[in-house]
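**Q** My questions will all concern the structure given below.
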Amino acid sequence: MSRICLCLTASTLRENLGVLKLCRDNIDMAELRVDLLSASELDRLDRLADFPARCPVPLVLTIRLPEDGGHWGGENAVPGNVCPGSAAAGSAAAGRTLEEQREELFVHLLKKGGWAFVDLEEGRPLERAVSAARQSQTRIIRSLHHFGQAPEKPEAGFWADRLKNMASEDVIPKLAFYCRSSRDVLALAHIARLSSDVPEKVILGMGEYGMPTRILARRMGSLWTYAFHGDSLDDDSPGAKARPAAPGQLSARELDELYRFREITAQTPLFGLLGNPVSHSRSPRIHNTWFREQGLPGAYLAMRTDDVPAALETGRIWGMKGFSVTVPHKAKALELSVASGTLARRIGAANTLLAEGEGWRAENTDAPGFIAALVEALVLKEASALAGMKALVIGAGGAARAAVHALDEAGVKVIILNRTPEKARLLAGEVGARWGGLEQDSAALLVNGADIAVQTTSAGMAPMETVNPLPWWNFRNCRLAFDMVYAPEETVFLARARSLGIKTANGLSMLQYQAALQFDMFRKSAVTE
Ligand code: ATR
């Protein structure tokens with residue numbers, strides 16, 4: 001089992017202890033970031049040395065330099081390049097380098113004992129700290145932080161060998177790369193695979209792209225993952241000011257309760273969301289909650305993706321069983337699939353990929369999810385009751401394609417209006433619909449009104465919250481105004497419909513329905529292998 005290591009990043013020991021108590025149930029160990037403690041806290045060295053004894057979990061001692069992403073010698077250093085801790089210890093600190101002062105603090109704290117691990121950066125000798133650690137039976141982590149470009153795949157072998165080399169010195173190697181693309185994450189997955197014979201190590205990707213490597217620590221062969229105290233607790237709580245110690249870190253509660261991090265084994269079926277952006281997505285909450293509520297093993301994570309083939313290759317290495325696909329990758333997902341459902345092919349886009357042999361099978365649950373949401377909003381018995389209705393669809397992008405084909409299949413007559421009329425024309429041609437632009441001269445197409453109005457564009461969503469794509473239309477004969485946007489809950493388009501007494505629905509129930517259909521596929525693919 002990989003463990004959850006809480007990073008203690010507050011400026012006082014008291015605050016850090018408060019955070020520890022709050023997170024106790026969600027964590028297995030903690031890392032004290034001494035470099036983030038305030039100068040006055042560092043002046044009370046004995047209290048600091050006693051900290052492990054007051055701590056309910058095994059502790060990592062870390063004093064990070066700025067070049068490794070830390071603050072040692074930063075805000076907490078007193079003028080004159082003197083480490084406050086060393087000054088308090090009564091040593092003649094003046095004139096010595098920050099590194100010498102850091103080592104002195106390491107030695108002092110390690111001699112007192114009680115630390116389970118000490119993090120000493122690779123490439124810095126710190127010989128006295130090493131011997132103090134050995135004497136006090138503190139395991140040494142040798143860490144490498146790389147904020148530049150992550151290595152290309154061919155270099156993965158080099159990094160894997162480097163990890164093996166480090167491990168031969170009886171230390172726990174730790175590799176932390178800043179990931180700026182899906183290819184960087186792929187490189188890390190390769191390094192993890194190639195160093196699978198190093199039993200004790202930590203490999204992680206920083207930044208939003210790297211987040212999956214933190215959740216799938218077990219798949220990366222990492223002993224633990226780092227977490228921060230989440231922001232879900234009220235602001236008055238001790239440690240509320242605690243912050244992520246590194247970019248892309250998740251909260252301990254999220255890892256433990258949402259992702260069930262500690263239950264993820266080599267057999268746990270894994271699913272992901274490919275999109276860009278993905279940070280706003282509700283899908284991890286929806287799918288992980290269903291897995292938990294239904295008592296099924298499974299974890300679902302958002303993977304920010306700028307390169308679909310690279311993300312799929314990473315998914316293969318991690319043994320992932322399926323993906324949800326969102327903007328802007330739905331067409332690409334279909335293109336890269338080895339098999340596909342009829343609906344995905346008709347729509348020309350896939351929102352679901354399922355592992356099939358060596359490749360991926362593409363499906364589309366947006367269309368049936370949309371119809372299910374319409375049926376619910378119109379309080380119909382079944383989809384066949386839609387037949388003969390007339391629908392206005394605003395937009396001609398990927399989301400509109402799903403709506404138009406679903407409506408056509410349900411026997412609904414469609415009118416497509418889009419900012420770029422040419423795109424409306426092309427989509428209309430696929431189903432024999434009428435089409436036009438968003439300007440008022442399209443009013444002629446709507447003289448008899450429309451039973452359903454479907455808004456599929458991003459107008460109404462931040463940063464276009466005030467945009468109504470069809471401000472001139474009076475919703476004539478309209479029974480339902482449906483907006484695929486769900487944040488904000490009510491777009492200006494829906495607000496206008498409501499002010500005219502028209503029934504409205506946002507995109508939330510469609511999201512839920514398409515996710516439920518997808519979950520069903522995920523569940524089946526999880527049991528069939
Ligand atoms: P999606 O897959 O979410 O539909 P898309 O394929 O990029 O995304 O399509 C975006 C849709 O929103 C298009 O219909 C686009 O109109 P154009 O075809 O003219 O680009 C529409 N859209 C985006 N911004 C808009 C705006 N400010 N006003 C009206 N329509 C807009």
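Chain labels run A, B, ... following the order of the structure tokens; each chain numbers its residues from 1, and ligands are numbered from 1 in the order shown.
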Output as a tab-separated table one row per residue of chain A within 9 Å of ligand 1: the closest atom pair and its distance in Å to one decimal place, counting only C-alpha atoms and all ligand atoms, sorted by chain and residue number ascending.
**A**
```
residue	atom	partner	partner_atom_place_in_ligand_line	distance
A:Thr326	CA	ligand 1	2 (O)	7.9
A:Val327	CA	ligand 1	2 (O)	5.6
A:Pro328	CA	ligand 1	2 (O)	6.5
A:His329	CA	ligand 1	2 (O)	8.7
A:Lys330	CA	ligand 1	2 (O)	7.6
A:Ile394	CA	ligand 1	14 (O)	7.2
A:Gly395	CA	ligand 1	14 (O)	3.6
A:Ala396	CA	ligand 1	14 (O)	4.0
A:Gly397	CA	ligand 1	6 (O)	3.3
A:Gly398	CA	ligand 1	2 (O)	3.4
A:Ala399	CA	ligand 1	4 (O)	3.8
A:Ala400	CA	ligand 1	4 (O)	5.6
A:Arg401	CA	ligand 1	4 (O)	7.6
A:Ala402	CA	ligand 1	4 (O)	8.9
A:Leu417	CA	ligand 1	14 (O)	8.6
A:Asn418	CA	ligand 1	14 (O)	5.6
A:Arg419	CA	ligand 1	19 (O)	3.9
A:Thr420	CA	ligand 1	19 (O)	3.8
A:Pro421	CA	ligand 1	19 (O)	7.3
A:Glu422	CA	ligand 1	18 (O)	8.3
A:Lys423	CA	ligand 1	18 (O)	5.9
A:Ala424	CA	ligand 1	18 (O)	7.6
A:Gly437	CA	ligand 1	19 (O)	8.8
A:Leu438	CA	ligand 1	29 (C)	7.6
A:Thr456	CA	ligand 1	4 (O)	6.1
A:Thr457	CA	ligand 1	12 (O)	3.6
A:Ser458	CA	ligand 1	23 (C)	5.3
A:Ala459	CA	ligand 1	26 (C)	4.9
A:Gly460	CA	ligand 1	27 (N)	8.2
A:Met464	CA	ligand 1	27 (N)	6.8
A:Val467	CA	ligand 1	27 (N)	6.8
A:Asn468	CA	ligand 1	28 (N)	7.6
A:Pro469	CA	ligand 1	29 (C)	5.0
A:Leu470	CA	ligand 1	29 (C)	8.3
```
**Q** Quick one: pick out all helix (DSSP H, G or I) residues within range 66-287 of chain A from a backbone DSSP run and write them as a VMD selection string.
**A** chain A and resid 66 to 68 84 to 88 98 to 112 127 to 135 153 to 167 182 to 194 207 to 215 252 to 258 261 to 263 283 to 287
**Q** Would you write out those residues with C-alpha atoms, as a PDB file, in the first residue's frame?
**A**
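Result file is part_29.pdb:
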```
ATOM      1  CA  PRO A  66      14.911  27.828  -2.978  1.00  0.00           C
ATOM      2  CA  GLU A  67      16.456  26.107  -6.018  1.00  0.00           C
ATOM      3  CA  ASP A  68      14.614  22.939  -4.986  1.00  0.00           C
ATOM      4  CA  PRO A  84      18.121  31.824  12.864  1.00  0.00           C
ATOM      5  CA  GLY A  85      18.275  28.290  14.153  1.00  0.00           C
ATOM      6  CA  SER A  86      22.055  28.307  14.217  1.00  0.00           C
ATOM      7  CA  ALA A  87      22.084  31.687  15.956  1.00  0.00           C
ATOM      8  CA  ALA A  88      19.796  30.379  18.659  1.00  0.00           C
ATOM      9  CA  LEU A  98      23.238  29.031   4.085  1.00  0.00           C
ATOM     10  CA  GLU A  99      24.037  25.457   3.098  1.00  0.00           C
ATOM     11  CA  GLU A 100      26.462  25.089   6.026  1.00  0.00           C
ATOM     12  CA  GLN A 101      23.855  26.490   8.377  1.00  0.00           C
ATOM     13  CA  ARG A 102      21.250  24.146   6.932  1.00  0.00           C
ATOM     14  CA  GLU A 103      23.492  21.147   7.496  1.00  0.00           C
ATOM     15  CA  GLU A 104      24.114  22.255  11.061  1.00  0.00           C
ATOM     16  CA  LEU A 105      20.381  22.345  11.676  1.00  0.00           C
ATOM     17  CA  PHE A 106      19.949  18.897  10.115  1.00  0.00           C
ATOM     18  CA  VAL A 107      22.661  17.474  12.373  1.00  0.00           C
ATOM     19  CA  HIS A 108      21.213  19.109  15.479  1.00  0.00           C
ATOM     20  CA  LEU A 109      17.704  17.814  14.827  1.00  0.00           C
ATOM     21  CA  LEU A 110      18.779  14.335  13.731  1.00  0.00           C
ATOM     22  CA  LYS A 111      20.956  13.881  16.811  1.00  0.00           C
ATOM     23  CA  LYS A 112      17.921  14.417  18.984  1.00  0.00           C
ATOM     24  CA  GLU A 127      27.993  14.231   4.778  1.00  0.00           C
ATOM     25  CA  ARG A 128      27.547  15.200   8.425  1.00  0.00           C
ATOM     26  CA  ALA A 129      23.789  15.082   8.029  1.00  0.00           C
ATOM     27  CA  VAL A 130      24.061  11.665   6.381  1.00  0.00           C
ATOM     28  CA  SER A 131      26.110  10.261   9.239  1.00  0.00           C
ATOM     29  CA  ALA A 132      23.791  11.824  11.851  1.00  0.00           C
ATOM     30  CA  ALA A 133      20.861  10.195  10.052  1.00  0.00           C
ATOM     31  CA  ARG A 134      22.553   6.795   9.978  1.00  0.00           C
ATOM     32  CA  GLN A 135      23.381   7.033  13.683  1.00  0.00           C
ATOM     33  CA  LYS A 153      10.883   8.985 -23.492  1.00  0.00           C
ATOM     34  CA  PRO A 154      14.331   7.777 -24.690  1.00  0.00           C
ATOM     35  CA  GLU A 155      15.875   9.387 -21.617  1.00  0.00           C
ATOM     36  CA  ALA A 156      13.589   7.405 -19.334  1.00  0.00           C
ATOM     37  CA  GLY A 157      16.198   4.629 -19.221  1.00  0.00           C
ATOM     38  CA  PHE A 158      18.803   7.089 -18.018  1.00  0.00           C
ATOM     39  CA  TRP A 159      16.591   8.306 -15.190  1.00  0.00           C
ATOM     40  CA  ALA A 160      15.552   4.788 -14.235  1.00  0.00           C
ATOM     41  CA  ASP A 161      19.234   3.810 -14.012  1.00  0.00           C
ATOM     42  CA  ARG A 162      19.930   6.891 -11.951  1.00  0.00           C
ATOM     43  CA  LEU A 163      17.205   5.872  -9.509  1.00  0.00           C
ATOM     44  CA  LYS A 164      18.697   2.362  -9.276  1.00  0.00           C
ATOM     45  CA  ASN A 165      22.125   3.860  -8.692  1.00  0.00           C
ATOM     46  CA  MET A 166      20.827   6.027  -5.872  1.00  0.00           C
ATOM     47  CA  ALA A 167      18.901   3.131  -4.319  1.00  0.00           C
ATOM     48  CA  SER A 182       0.969  14.841 -21.434  1.00  0.00           C
ATOM     49  CA  ARG A 183       4.339  13.759 -22.853  1.00  0.00           C
ATOM     50  CA  ASP A 184       6.057  14.708 -19.575  1.00  0.00           C
ATOM     51  CA  VAL A 185       3.634  12.467 -17.681  1.00  0.00           C
ATOM     52  CA  LEU A 186       4.283   9.675 -20.170  1.00  0.00           C
ATOM     53  CA  ALA A 187       8.032  10.019 -19.581  1.00  0.00           C
ATOM     54  CA  LEU A 188       7.482   9.632 -15.834  1.00  0.00           C
ATOM     55  CA  ALA A 189       5.294   6.578 -16.367  1.00  0.00           C
ATOM     56  CA  HIS A 190       8.113   5.048 -18.430  1.00  0.00           C
ATOM     57  CA  ILE A 191      10.690   5.847 -15.741  1.00  0.00           C
ATOM     58  CA  ALA A 192       8.445   4.208 -13.142  1.00  0.00           C
ATOM     59  CA  ARG A 193       8.003   1.120 -15.316  1.00  0.00           C
ATOM     60  CA  LEU A 194      11.722   0.825 -16.031  1.00  0.00           C
ATOM     61  CA  GLY A 207       1.760  20.667 -11.774  1.00  0.00           C
ATOM     62  CA  GLU A 208      -1.772  19.991 -13.016  1.00  0.00           C
ATOM     63  CA  TYR A 209      -0.563  17.579 -15.716  1.00  0.00           C
ATOM     64  CA  GLY A 210       1.310  15.568 -13.093  1.00  0.00           C
ATOM     65  CA  MET A 211      -1.655  15.169 -10.730  1.00  0.00           C
ATOM     66  CA  PRO A 212      -2.525  11.596 -11.856  1.00  0.00           C
ATOM     67  CA  THR A 213       0.956  10.442 -10.808  1.00  0.00           C
ATOM     68  CA  ARG A 214       0.147  11.611  -7.287  1.00  0.00           C
ATOM     69  CA  ILE A 215      -3.183   9.763  -7.164  1.00  0.00           C
ATOM     70  CA  ALA A 252      -5.304  14.501   2.163  1.00  0.00           C
ATOM     71  CA  ARG A 253      -9.068  14.277   2.517  1.00  0.00           C
ATOM     72  CA  GLU A 254      -9.636  14.321  -1.239  1.00  0.00           C
ATOM     73  CA  LEU A 255      -7.035  11.581  -1.771  1.00  0.00           C
ATOM     74  CA  ASP A 256      -8.364   9.420   1.006  1.00  0.00           C
ATOM     75  CA  GLU A 257     -12.117   9.986   0.794  1.00  0.00           C
ATOM     76  CA  LEU A 258     -12.777  10.836  -2.854  1.00  0.00           C
ATOM     77  CA  PHE A 261      -6.132   6.317  -2.408  1.00  0.00           C
ATOM     78  CA  ARG A 262      -5.271   3.737   0.225  1.00  0.00           C
ATOM     79  CA  GLU A 263      -7.521   1.118  -1.410  1.00  0.00           C
ATOM     80  CA  SER A 283     -16.725  13.947 -13.339  1.00  0.00           C
ATOM     81  CA  PRO A 284     -14.168  12.696 -10.743  1.00  0.00           C
ATOM     82  CA  ARG A 285     -16.665  13.490  -7.989  1.00  0.00           C
ATOM     83  CA  ILE A 286     -19.542  11.820  -9.846  1.00  0.00           C
ATOM     84  CA  HIS A 287     -17.759   8.588 -10.868  1.00  0.00           C
TER      85      HIS A 287
END
```
**Q** When you count only C-alpha atoms, which of these residues is closest to Met521 in chain A: A:Arg361, A:Arg96, A:Arg3, A:Lys201?
**A** A:Arg361
**Q** Just checking: using only C-alpha atoms, which residue out of A:Val118, A:Met220, A:Met510, A:Ala245 ends up closest to Met1 in chain A?
**A**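 Smallest distance to Met1 in chain A is found for A:Met220.
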**Q** Residues near range 307-316 of chain A, anyone? I mean within 9 Å using only C-alpha atoms, not counting same-chain ones fewer than 2 positions away, as a compact mmCIF listing (two decimals) with N, CA, C and O atoms, in the first residue's frame.
**A**
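As written to disk, part_7.txt reads:
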```txt
# COMPACT_ATOMS: atom_id res chain seq x y z
N SER A 181 3.14 18.90 -19.90
CA SER A 181 2.38 18.33 -21.02
C SER A 181 2.12 16.86 -20.74
O SER A 181 2.70 16.27 -19.82
N SER A 182 1.26 16.27 -21.57
CA SER A 182 0.97 14.84 -21.43
C SER A 182 2.22 14.01 -21.70
O SER A 182 2.37 12.92 -21.16
N ARG A 183 3.11 14.51 -22.55
CA ARG A 183 4.34 13.76 -22.85
C ARG A 183 5.24 13.67 -21.63
O ARG A 183 5.93 12.68 -21.41
N VAL A 185 4.23 13.49 -18.56
CA VAL A 185 3.63 12.47 -17.68
C VAL A 185 3.98 11.08 -18.22
O VAL A 185 4.33 10.17 -17.46
N LEU A 186 3.93 10.96 -19.55
CA LEU A 186 4.28 9.68 -20.17
C LEU A 186 5.73 9.30 -19.83
O LEU A 186 6.02 8.14 -19.50
N ALA A 187 6.62 10.29 -19.90
CA ALA A 187 8.03 10.02 -19.58
C ALA A 187 8.15 9.49 -18.15
O ALA A 187 8.88 8.53 -17.90
N ALA A 189 5.87 7.93 -16.43
CA ALA A 189 5.29 6.58 -16.37
C ALA A 189 6.31 5.56 -16.87
O ALA A 189 6.44 4.47 -16.32
N HIS A 190 7.06 5.94 -17.92
CA HIS A 190 8.11 5.05 -18.43
C HIS A 190 9.22 4.86 -17.39
O HIS A 190 9.70 3.75 -17.19
N LEU A 270 -9.03 1.30 -13.22
CA LEU A 270 -8.79 2.74 -13.25
C LEU A 270 -9.42 3.38 -14.48
O LEU A 270 -9.34 2.82 -15.58
N PHE A 271 -9.99 4.56 -14.28
CA PHE A 271 -10.61 5.31 -15.37
C PHE A 271 -10.18 6.76 -15.28
O PHE A 271 -9.79 7.23 -14.21
N GLY A 272 -10.25 7.46 -16.41
CA GLY A 272 -9.78 8.84 -16.39
C GLY A 272 -10.63 9.72 -17.27
O GLY A 272 -11.47 9.25 -18.05
N LEU A 274 -10.07 12.64 -20.13
CA LEU A 274 -9.13 13.33 -21.00
C LEU A 274 -9.78 14.62 -21.47
O LEU A 274 -10.86 14.59 -22.08
N GLY A 275 -9.15 15.74 -21.23
CA GLY A 275 -9.70 17.02 -21.66
C GLY A 275 -8.71 18.12 -21.37
O GLY A 275 -7.67 17.90 -20.77
N MET A 303 -7.35 13.84 -16.10
CA MET A 303 -6.02 13.94 -16.68
C MET A 303 -6.00 15.09 -17.67
O MET A 303 -6.55 14.97 -18.77
N ARG A 304 -5.39 16.20 -17.27
CA ARG A 304 -5.28 17.30 -18.22
C ARG A 304 -4.46 16.79 -19.40
O ARG A 304 -3.36 16.25 -19.22
N THR A 305 -5.00 16.96 -20.60
CA THR A 305 -4.41 16.31 -21.77
C THR A 305 -4.23 17.29 -22.92
O THR A 305 -5.20 17.89 -23.38
N TRP A 318 -0.38 2.27 -17.16
CA TRP A 318 -1.02 2.16 -15.84
C TRP A 318 -2.15 1.14 -15.83
O TRP A 318 -2.80 0.94 -14.81
N GLY A 319 -2.40 0.52 -16.97
CA GLY A 319 -3.46 -0.49 -17.04
C GLY A 319 -4.85 0.10 -16.90
O GLY A 319 -5.76 -0.55 -16.36
N MET A 320 -5.04 1.33 -17.40
CA MET A 320 -6.36 1.97 -17.27
C MET A 320 -7.37 1.30 -18.20
O MET A 320 -7.02 0.84 -19.28
N LYS A 321 -8.62 1.24 -17.75
CA LYS A 321 -9.63 0.48 -18.50
C LYS A 321 -10.54 1.35 -19.35
O LYS A 321 -11.25 0.84 -20.22
N GLY A 322 -10.56 2.64 -19.09
CA GLY A 322 -11.43 3.48 -19.90
C GLY A 322 -11.27 4.95 -19.58
O GLY A 322 -10.66 5.32 -18.58
N PHE A 323 -11.85 5.76 -20.48
CA PHE A 323 -11.76 7.21 -20.30
C PHE A 323 -13.08 7.88 -20.66
O PHE A 323 -13.78 7.42 -21.57
N HIS A 329 -11.16 17.08 -27.20
CA HIS A 329 -10.58 15.86 -27.75
C HIS A 329 -11.59 14.84 -28.29
O HIS A 329 -11.22 13.71 -28.60
N LYS A 332 -10.87 13.65 -31.87
CA LYS A 332 -9.58 12.93 -31.88
C LYS A 332 -9.76 11.53 -31.28
O LYS A 332 -9.18 10.55 -31.76
N ALA A 333 -10.56 11.44 -30.22
CA ALA A 333 -10.77 10.16 -29.54
C ALA A 333 -11.36 9.15 -30.52
O ALA A 333 -10.94 7.99 -30.57
N LEU A 336 -8.74 8.01 -33.08
CA LEU A 336 -7.69 7.11 -32.58
C LEU A 336 -8.21 5.73 -32.17
O LEU A 336 -7.44 4.85 -31.81
N ALA A 355 -11.02 0.24 -23.06
CA ALA A 355 -9.90 -0.60 -23.48
C ALA A 355 -10.45 -1.83 -24.21
O ALA A 355 -11.37 -2.49 -23.72
N GLU A 358 -5.61 -4.34 -27.89
CA GLU A 358 -4.47 -3.43 -27.82
C GLU A 358 -4.89 -1.97 -27.96
O GLU A 358 -4.08 -1.07 -27.81
N TRP A 360 -8.51 1.01 -28.31
CA TRP A 360 -9.61 1.62 -27.56
C TRP A 360 -10.87 1.62 -28.42
O TRP A 360 -10.82 1.91 -29.60
```
**Q** Per residue of range 294-380 of chain A within 12 Å of range 500-508 of chain A, which atom pair is closest and at what distance in Å (one decimal), using only C-alpha atoms, listed by chain and increasing number, as JSON lines?
**A**
```
{"residue": "A:Asp366", "atom": "CA", "partner": "A:Gly507", "partner_atom": "CA", "distance": 11.0}
{"residue": "A:Gly369", "atom": "CA", "partner": "A:Gly507", "partner_atom": "CA", "distance": 10.2}
{"residue": "A:Phe370", "atom": "CA", "partner": "A:Gly507", "partner_atom": "CA", "distance": 8.6}
{"residue": "A:Ile371", "atom": "CA", "partner": "A:Gly507", "partner_atom": "CA", "distance": 11.7}
{"residue": "A:Ala372", "atom": "CA", "partner": "A:Gly507", "partner_atom": "CA", "distance": 11.6}
{"residue": "A:Ala373", "atom": "CA", "partner": "A:Gly507", "partner_atom": "CA", "distance": 8.4}
{"residue": "A:Leu374", "atom": "CA", "partner": "A:Ala505", "partner_atom": "CA", "distance": 8.5}
{"residue": "A:Val375", "atom": "CA", "partner": "A:Ala505", "partner_atom": "CA", "distance": 11.2}
{"residue": "A:Glu376", "atom": "CA", "partner": "A:Ala505", "partner_atom": "CA", "distance": 9.7}
{"residue": "A:Ala377", "atom": "CA", "partner": "A:Ala505", "partner_atom": "CA", "distance": 6.6}
{"residue": "A:Leu378", "atom": "CA", "partner": "A:Lys503", "partner_atom": "CA", "distance": 8.7}
{"residue": "A:Val379", "atom": "CA", "partner": "A:Lys503", "partner_atom": "CA", "distance": 11.3}
```
**Q** Can you tell me which residues surround Asn448 in chain A at a distance of at most 12 Å, considering only C-alpha atoms, apart from same-chain residues fewer than 4 positions away, and format the answer as a PyMOL selection string?
**A** chain A and resi 389-392+415+443-444+474-478
**Q** Excluding same-chain residues fewer than 2 positions from Ala385 in chain A, what lies within 10 Å of it counting only C-alpha atoms, as JSON, numbers by chain?
**A** {"A": [375, 378, 380, 381, 382, 383, 387, 388, 389, 410, 411, 412]}
**Q** Limited to N, CA, C and O atoms, could you put the picked residues into a file as an mmCIF file, in the first residue's frame?
**A**
```
data_model
loop_
_atom_site.group_PDB
_atom_site.id
_atom_site.type_symbol
_atom_site.label_atom_id
_atom_site.label_comp_id
_atom_site.auth_asym_id
_atom_site.auth_seq_id
_atom_site.Cartn_x
_atom_site.Cartn_y
_atom_site.Cartn_z
ATOM 1 N N VAL A 375 -36.265 14.294 -21.885
ATOM 2 C CA VAL A 375 -37.456 13.543 -21.492
ATOM 3 C C VAL A 375 -37.827 13.887 -20.044
ATOM 4 O O VAL A 375 -38.999 14.127 -19.724
ATOM 5 N N LEU A 378 -39.123 17.582 -19.823
ATOM 6 C CA LEU A 378 -40.449 17.759 -20.433
ATOM 7 C C LEU A 378 -41.506 16.859 -19.777
ATOM 8 O O LEU A 378 -42.674 16.879 -20.175
ATOM 9 N N LEU A 380 -41.884 13.622 -19.951
ATOM 10 C CA LEU A 380 -42.461 12.699 -20.925
ATOM 11 C C LEU A 380 -42.302 11.275 -20.397
ATOM 12 O O LEU A 380 -41.429 11.014 -19.570
ATOM 13 N N LYS A 381 -43.121 10.367 -20.914
ATOM 14 C CA LYS A 381 -43.009 8.965 -20.470
ATOM 15 C C LYS A 381 -41.761 8.320 -21.047
ATOM 16 O O LYS A 381 -41.035 7.604 -20.388
ATOM 17 N N GLU A 382 -41.526 8.600 -22.358
ATOM 18 C CA GLU A 382 -40.335 8.018 -22.999
ATOM 19 C C GLU A 382 -39.918 8.861 -24.194
ATOM 20 O O GLU A 382 -40.656 9.753 -24.621
ATOM 21 N N ALA A 383 -38.750 8.518 -24.739
ATOM 22 C CA ALA A 383 -38.172 9.338 -25.807
ATOM 23 C C ALA A 383 -39.059 9.377 -27.051
ATOM 24 O O ALA A 383 -39.056 10.360 -27.794
ATOM 25 N N ALA A 387 -41.104 12.518 -30.787
ATOM 26 C CA ALA A 387 -41.301 12.466 -32.243
ATOM 27 C C ALA A 387 -42.335 13.491 -32.696
ATOM 28 O O ALA A 387 -43.377 13.655 -32.065
ATOM 29 N N GLY A 388 -42.010 14.192 -33.775
ATOM 30 C CA GLY A 388 -42.929 15.185 -34.331
ATOM 31 C C GLY A 388 -42.720 16.583 -33.767
ATOM 32 O O GLY A 388 -43.266 17.554 -34.281
ATOM 33 N N MET A 389 -41.916 16.700 -32.709
ATOM 34 C CA MET A 389 -41.663 18.037 -32.156
ATOM 35 C C MET A 389 -40.669 18.780 -33.043
ATOM 36 O O MET A 389 -40.001 18.191 -33.885
ATOM 37 N N ALA A 410 -34.572 10.837 -32.727
ATOM 38 C CA ALA A 410 -35.822 10.772 -31.958
ATOM 39 C C ALA A 410 -37.020 11.275 -32.769
ATOM 40 O O ALA A 410 -38.130 11.385 -32.251
ATOM 41 N N GLY A 411 -36.771 11.621 -34.039
ATOM 42 C CA GLY A 411 -37.878 12.057 -34.894
ATOM 43 C C GLY A 411 -38.257 13.515 -34.700
ATOM 44 O O GLY A 411 -39.380 13.935 -35.021
ATOM 45 N N VAL A 412 -37.330 14.317 -34.213
ATOM 46 C CA VAL A 412 -37.593 15.747 -33.998
ATOM 47 C C VAL A 412 -37.072 16.525 -35.207
ATOM 48 O O VAL A 412 -35.984 16.242 -35.717
#
```
**Q** Of the candidates A:Thr352, A:Asn276, A:Gln149, A:Ser143, which one gets nearest to Tyr178 in chain A if we count only C-alpha atoms?
**A**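 Under the stated criterion, the closest residue is A:Gln149.
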**Q** Which of range 110-245 of chain A end up as strand (DSSP E) when DSSP is run on this backbone - answer as a PyMOL selection string?
**A** chain A and resi 117-121+139-146+172-178+202-206+224-228
**Q** Could the residues in this selection be saved with C-alpha atoms as a PDB file, in the first residue's frame?
**A**
```
ATOM      1  CA  PHE A 117      12.984   9.975   7.358  1.00  0.00           C
ATOM      2  CA  VAL A 118      15.175  12.880   6.330  1.00  0.00           C
ATOM      3  CA  ASP A 119      15.014  14.388   2.843  1.00  0.00           C
ATOM      4  CA  LEU A 120      18.491  15.298   1.570  1.00  0.00           C
ATOM      5  CA  GLU A 121      18.674  16.512  -2.000  1.00  0.00           C
ATOM      6  CA  ARG A 139      15.976   6.579   6.628  1.00  0.00           C
ATOM      7  CA  ILE A 140      17.496   8.896   4.045  1.00  0.00           C
ATOM      8  CA  ILE A 141      15.471  10.095   1.083  1.00  0.00           C
ATOM      9  CA  ARG A 142      17.613  11.438  -1.751  1.00  0.00           C
ATOM     10  CA  SER A 143      15.411  13.788  -3.736  1.00  0.00           C
ATOM     11  CA  LEU A 144      15.775  15.234  -7.199  1.00  0.00           C
ATOM     12  CA  HIS A 145      13.531  18.150  -8.139  1.00  0.00           C
ATOM     13  CA  HIS A 146      13.375  19.105 -11.760  1.00  0.00           C
ATOM     14  CA  ILE A 172      15.036   6.037  -0.909  1.00  0.00           C
ATOM     15  CA  PRO A 173      15.337   7.862  -4.235  1.00  0.00           C
ATOM     16  CA  LYS A 174      12.707  10.484  -4.976  1.00  0.00           C
ATOM     17  CA  LEU A 175      12.172  12.035  -8.401  1.00  0.00           C
ATOM     18  CA  ALA A 176       9.882  15.029  -8.804  1.00  0.00           C
ATOM     19  CA  PHE A 177       9.495  16.492 -12.286  1.00  0.00           C
ATOM     20  CA  TYR A 178       7.376  19.489 -13.188  1.00  0.00           C
ATOM     21  CA  VAL A 202       8.940   7.990  -4.894  1.00  0.00           C
ATOM     22  CA  ILE A 203       8.283   9.270  -8.423  1.00  0.00           C
ATOM     23  CA  LEU A 204       5.864  12.097  -8.962  1.00  0.00           C
ATOM     24  CA  GLY A 205       4.884  14.743 -11.465  1.00  0.00           C
ATOM     25  CA  MET A 206       4.271  18.273 -10.252  1.00  0.00           C
ATOM     26  CA  TRP A 224       3.906   7.476  -0.639  1.00  0.00           C
ATOM     27  CA  THR A 225       2.238  10.538  -2.110  1.00  0.00           C
ATOM     28  CA  TYR A 226       2.362  14.049  -0.689  1.00  0.00           C
ATOM     29  CA  ALA A 227      -0.792  15.879   0.303  1.00  0.00           C
ATOM     30  CA  PHE A 228      -1.789  19.129   1.908  1.00  0.00           C
TER      31      PHE A 228
END
```
**Q** With only C-alpha atoms as the counted atoms, please give the residues lying no more than 10 Å from Cys7 in chain A, apart from itself and same-chain residues fewer than 6 positions off, as a PyMOL selection string.
**A** chain A and resi 16+19-20+29-33+59-60+62+225-229+242-246+249+251-252
**Q** As an exercise, work out the distance from CA of Val393 in chain A to CA of Val414 in chain A in Å and give it to one decimal place.
**A**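 Separation of CA of Val393 in chain A and CA of Val414 in chain A: 7.0 Å.
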**Q** Work out how far CA of Ser2 in chain A is from CA of Ser525 in chain A, in Å to one decimal.
**A**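 Between CA of Ser525 in chain A and CA of Ser2 in chain A the gap works out to 25.4 Å.
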**Q** By how many Å are CA of Leu386 in chain A and CA of Glu409 in chain A apart?
**A** 10.1 Å
